[in-house]
Amino acid sequence: MTQISLTFPDGAKRQVPSGTTGLDVAKSISPSLAKRTVAMSLDGKLADLAAPIKSDAAIKFLTRDDPGALELIRHDAAHVMAEAVQALYPGTQVTIGPVIDNGFYYDFARDEPFTPDDLPKIEAKMREIIARDSPFTCEVMARDKAKALFKEKGEIFKLELIDAIPEGEELKIYSQREWLDLCRGPHMTSTGKVGKGFKLLKIAGAYWRGDSTKPMLQRIYGTAWASEEDLAAYLHQLEEAEKRDHRRLGREMDLFHFQEEAPGAVFWHPKGWALFTALIGYMRRRQNEWGYVEVNSPDMMERSLWEQSGHWEKFGDLMYVTETPDERVYACKPMNCPGHVQIFKHGLKSYRDLPLRVAEFGKVHRYEPSGALHGLLRVRHFTQDDAHIFCTEDQITEECVKLNEQLLAIYRDFGFEDVRIKFADRPDKRVGSDAVWDKAEAALKRAVEAAGLDYEFNPGEGAFYGPKLEYVLRDAIGRDWQLGTIQVDFNLPGRLGAFYIAPDGEKTVPVMIHRAMFGSLERFTGILVEHYAGHLPLWLAPVQAVVATIVSDADAYAGEVLETLQKAGLRAEADLRNEKINYKVREHSLAKVPVLLVVGKREAEENTVSVRRLGSQKQEVMKLDAAIKMLAGEAVPPDQRHATEIRAA
């Protein structure tokens, strides 16, 4: 019998017959290990513990508490939920049920709609199935047999899924006692391993396979964790997230709205636009400081350019396209990169002109399914703080090190100290040869190492034209947001005919470093509002101060205070309405105005103001000039404050 070699995490090796299961190996080491183990990893890929091992591999056993097992807990919970639904509601068809961030869902076809009252019943049935502790078993089934099985059960959606599986690929059926489903796997050893740390969250509609021309299904979302304590912590985070929802805060703060006539596009109100332009002003000053030139490229360009760049093949189904009377086909830009290459190409460039740093606050357009739209966080039309650095290969490391320093400095200015970096390499669908990708990935890795960065590996998630670094920020309630990116591109400039004259006089294709720091400004605005729960730092607040009168006798003085605030550069308003001051305080607190300057007859006589901060019950009476000086100092953007401090030093 053929022997294979297994390598354990400690470096030890063991020879076993080909076809030995992971469970056999675990039992041979220790019965207690076999009892604790729920799955295994072979060469970094999760597998059923009962799966036969057919070739040499690095093997690792996973217990239920291993972080790598969390995905399996959620996958198994989805199967348990599907069984519970079909047990409670006969005739319901199950379709697909993947693991997602923090949980899972399953899509069901059922004539009668689920209601929130159904969720506790399904949870109770799930607990019964988990307590039953039925083993998960896997059978590789012939295609015809599987289709006959699901046809007999009336599972028409499964027949379509089977037809979509390529010929020659194994077709697996996973069972948990009598209940079964088509599934790639893997699973843990039994339903009991799901544990008690799960909860069903909500019901939503979803088109079959995301296609609006196909049947509408009912989706049940759930979450699952390794322990009840972890579940409780996550549910608390959800409660906090609901309080911080930027869509609700956007209404209360009067920042923006959406409407059906322009799905996925933002209608910015004056206060929201003040915040948005404050972000652009900050980034513009930073980019000027770092040697960028700002440009603007067309929103719409001919299809041929997008075909040449490779975007048409990659993004064609997400692009907004129009045909003019002269039969020319144009597309709204989904990215700014090709336009920047055209600007680079205009006029002969020498190696002495490099690096050339080109920036644009460019509006891009991408079709997102209506079900995926989510306030500012997922839109169809958004503004990128996009930039591209055209450089030589020798300049890649220095430019990427600078970019990393700049990104981290910017995130600190906005209150994000916890930042992680992921390295994403070549995706399956890409342009360029493997040799070019080898060179690009090696160059970006050298830059990462030169910057002394710790990073995680995110395989296959690079852009279609080059590898990238992804910057992931953790917000005030522990959620992760992927924002900035750095991408090294050896492909696009050459595809679009860009070159510079090298020292030897030869035409040479430049390297193009793609860079975004906020990413989508719309999305970053939504993240900021949620991170701060609407309590934005004074320098960012759309309305930084409101002068509120106690009595109408103070109206004239309030006007003087407002004028002084505005002359000092503060975004301020006055509230002279004939309302009680407590009513005004509540209203402006709901709108998240950072500072209220309350004035009455006494303040007018003494040239003072009562300063009241958002979230505080205390008031501080101050001389007007002292209050103005204090607030003007606090309202200085951090980049300008840094510059002042440097000059003073």
# chains A, B, ... in the order shown; residues from 1 in each chain; ligands from 1
$ residues_around --residues "Asn102 of chain A" --least-positions-apart "6" --cutoff "10 Å" --atoms "only C-alpha atoms" --output "compact mmCIF listing (two decimals) with C-alpha atoms, in the first residue's frame"
# COMPACT_ATOMS: atom_id res chain seq x y z
CA LEU A 70 -15.43 29.44 13.67
CA GLU A 71 -16.21 29.26 9.96
CA ARG A 74 -21.31 28.93 11.24
CA GLY A 222 -28.13 34.21 11.76
CA THR A 223 -24.96 34.55 13.75
CA ALA A 224 -22.95 31.85 15.51
CA TRP A 225 -19.96 31.97 17.83
CA LEU A 231 -22.42 35.78 21.15
CA TYR A 234 -21.49 40.47 19.34
$ residues_around --residues "Asp65 of chain A" --least-positions-apart "5" --cutoff "12 Å" --atoms "only C-alpha atoms" --output "NGL selection string"
:A and (36-39 or 70-73 or 193-195 or 225-227 or 230)
$ select_by_dssp --residues "segment 344-493 of chain A" --states "strand (DSSP E or B)" --output "number ranges by chain"
A: 350, 356-365, 374, 378, 381-391, 419-424, 456-458, 463, 466, 468-474, 480-489
$ residues_around --residues "Gly347 of chain A" --least-positions-apart "6" --cutoff "12 Å" --atoms "only C-alpha atoms" --output "list in words"
Val341, Asp353, Ala498, Phe499, Tyr500 and Ile501 of chain A
$ write_last_selection --atoms "C-alpha atoms" --output "mmCIF file, in the first residue's frame"
data_model
loop_
_atom_site.group_PDB
_atom_site.id
_atom_site.type_symbol
_atom_site.label_atom_id
_atom_site.label_comp_id
_atom_site.auth_asym_id
_atom_site.auth_seq_id
_atom_site.Cartn_x
_atom_site.Cartn_y
_atom_site.Cartn_z
ATOM 1 C CA VAL A 341 -2.731 57.474 -17.989
ATOM 2 C CA ASP A 353 9.923 63.902 -14.447
ATOM 3 C CA ALA A 498 2.347 55.073 -21.758
ATOM 4 C CA PHE A 499 6.129 55.506 -21.767
ATOM 5 C CA TYR A 500 8.922 57.788 -20.619
ATOM 6 C CA ILE A 501 12.413 58.331 -21.968
#
$ residues_around --residues "Thr608 of chain A" --least-positions-apart "2" --cutoff "6 Å" --atoms "only C-alpha atoms" --output "PDB file with N, CA and C atoms, in the first residue's frame"
ATOM      1  N   GLU A 603     -25.936  87.806  29.798  1.00  0.00           N
ATOM      2  CA  GLU A 603     -24.777  87.625  28.924  1.00  0.00           C
ATOM      3  C   GLU A 603     -24.594  88.831  28.005  1.00  0.00           C
ATOM      4  N   GLU A 606     -23.013  91.588  30.006  1.00  0.00           N
ATOM      5  CA  GLU A 606     -21.648  91.338  30.480  1.00  0.00           C
ATOM      6  C   GLU A 606     -20.694  90.904  29.359  1.00  0.00           C
ATOM      7  N   MET A 622     -18.146  82.259  29.967  1.00  0.00           N
ATOM      8  CA  MET A 622     -16.857  82.779  29.532  1.00  0.00           C
ATOM      9  C   MET A 622     -17.045  84.131  28.862  1.00  0.00           C
ATOM     10  N   LYS A 623     -16.004  84.941  28.908  1.00  0.00           N
ATOM     11  CA  LYS A 623     -15.981  86.163  28.117  1.00  0.00           C
ATOM     12  C   LYS A 623     -16.035  85.779  26.634  1.00  0.00           C
ATOM     13  N   LEU A 624     -16.717  86.562  25.846  1.00  0.00           N
ATOM     14  CA  LEU A 624     -16.914  86.218  24.444  1.00  0.00           C
ATOM     15  C   LEU A 624     -15.601  86.034  23.709  1.00  0.00           C
TER      16      LEU A 624
END
$ atom_distance --atom1 "atom CA of Gln384 of chain A" --atom2 "atom CA of Phe416 of chain A"
19.5 Å
$ select_by_dssp --residues "segment 12-207 of chain A" --states "alpha helix (DSSP H)" --output "ChimeraX atom specification"
/A:22-29,31-36,70-88,118-132,143-153,156-164
$ residues_around --residues "Gly615 of chain A" --least-positions-apart "4" --cutoff "9 Å" --atoms "only C-alpha atoms" --output "list in words"
His535, Ser589, Lys592 and Pro594 of chain A
$ closest_atom_pairs --of "segment 279-379 of chain A" --to "segment 198-221 of chain A" --cutoff "10 Å" --atoms "only C-alpha atoms" --output "Markdown table"
| residue | atom | partner | partner_atom | distance |
| --- | --- | --- | --- | --- |
| A:Pro369 | CA | A:Gly210 | CA | 7.9 |
| A:Ser370 | CA | A:Ser212 | CA | 9.3 |
| A:Gly371 | CA | A:Ala206 | CA | 7.4 |
| A:Ala372 | CA | A:Gly210 | CA | 9.8 |
$ atom_distance --atom1 "atom CA of Ala87 of chain A" --atom2 "atom CA of Lys125 of chain A"
8.3 Å
$ closest_residue --among "A:Val80, A:Leu373, A:Ile156, A:Met40" --to "Phe136 of chain A" --atoms "only C-alpha atoms"
A:Val80
$ closest_residue --among "A:Ala12, A:Leu590, A:Ala232, A:Ala632" --to "Lys567 of chain A" --atoms "only C-alpha atoms"
A:Ala632
$ atom_distance --atom1 "atom CA of Gly11 of chain A" --atom2 "atom CA of Lys45 of chain A"
17.8 Å
$ residues_around --residues "Arg612 of chain A" --least-positions-apart "4" --cutoff "10 Å" --atoms "only C-alpha atoms" --output "MDAnalysis selection string"
chainID A and resid 545 585 594:598 616:621
$ write_last_selection --atoms "C-alpha atoms" --output "PDB file, in the first residue's frame"
ATOM      1  CA  ALA A 545     -21.592  76.061  17.130  1.00  0.00           C
ATOM      2  CA  VAL A 585     -30.821  72.311  23.778  1.00  0.00           C
ATOM      3  CA  PRO A 594     -20.777  70.130  19.328  1.00  0.00           C
ATOM      4  CA  VAL A 595     -21.135  73.491  21.088  1.00  0.00           C
ATOM      5  CA  LEU A 596     -24.084  75.627  22.177  1.00  0.00           C
ATOM      6  CA  LEU A 597     -23.437  79.230  23.145  1.00  0.00           C
ATOM      7  CA  VAL A 598     -26.406  80.224  25.268  1.00  0.00           C
ATOM      8  CA  SER A 616     -22.510  67.390  28.986  1.00  0.00           C
ATOM      9  CA  GLN A 617     -24.965  68.955  31.423  1.00  0.00           C
ATOM     10  CA  LYS A 618     -22.392  71.503  32.568  1.00  0.00           C
ATOM     11  CA  GLN A 619     -22.199  75.089  31.358  1.00  0.00           C
ATOM     12  CA  GLU A 620     -19.193  77.378  31.542  1.00  0.00           C
ATOM     13  CA  VAL A 621     -19.674  81.134  31.480  1.00  0.00           C
TER      14      VAL A 621
END
$ residues_around --residues "Asp10 of chain A" --least-positions-apart "6" --cutoff "12 Å" --atoms "only C-alpha atoms" --output "ChimeraX atom specification"
/A:58-60
$ closest_residue --among "A:Val419, A:Val266, A:Met253, A:Ala558" --to "Glu587 of chain A" --atoms "only C-alpha atoms"
A:Met253
$ closest_residue --among "A:Trp290, A:Tyr282, A:Tyr174, A:Tyr351" --to "Gln640 of chain A" --atoms "only C-alpha atoms"
A:Tyr282
$ closest_residue --among "A:Leu453, A:Pro186, A:Gly526, A:Phe104" --to "Ser41 of chain A" --atoms "only C-alpha atoms"
A:Pro186
$ closest_residue --among "A:Glu139, A:Glu160, A:Ile550, A:Phe258" --to "Tyr583 of chain A" --atoms "only C-alpha atoms"
A:Ile550
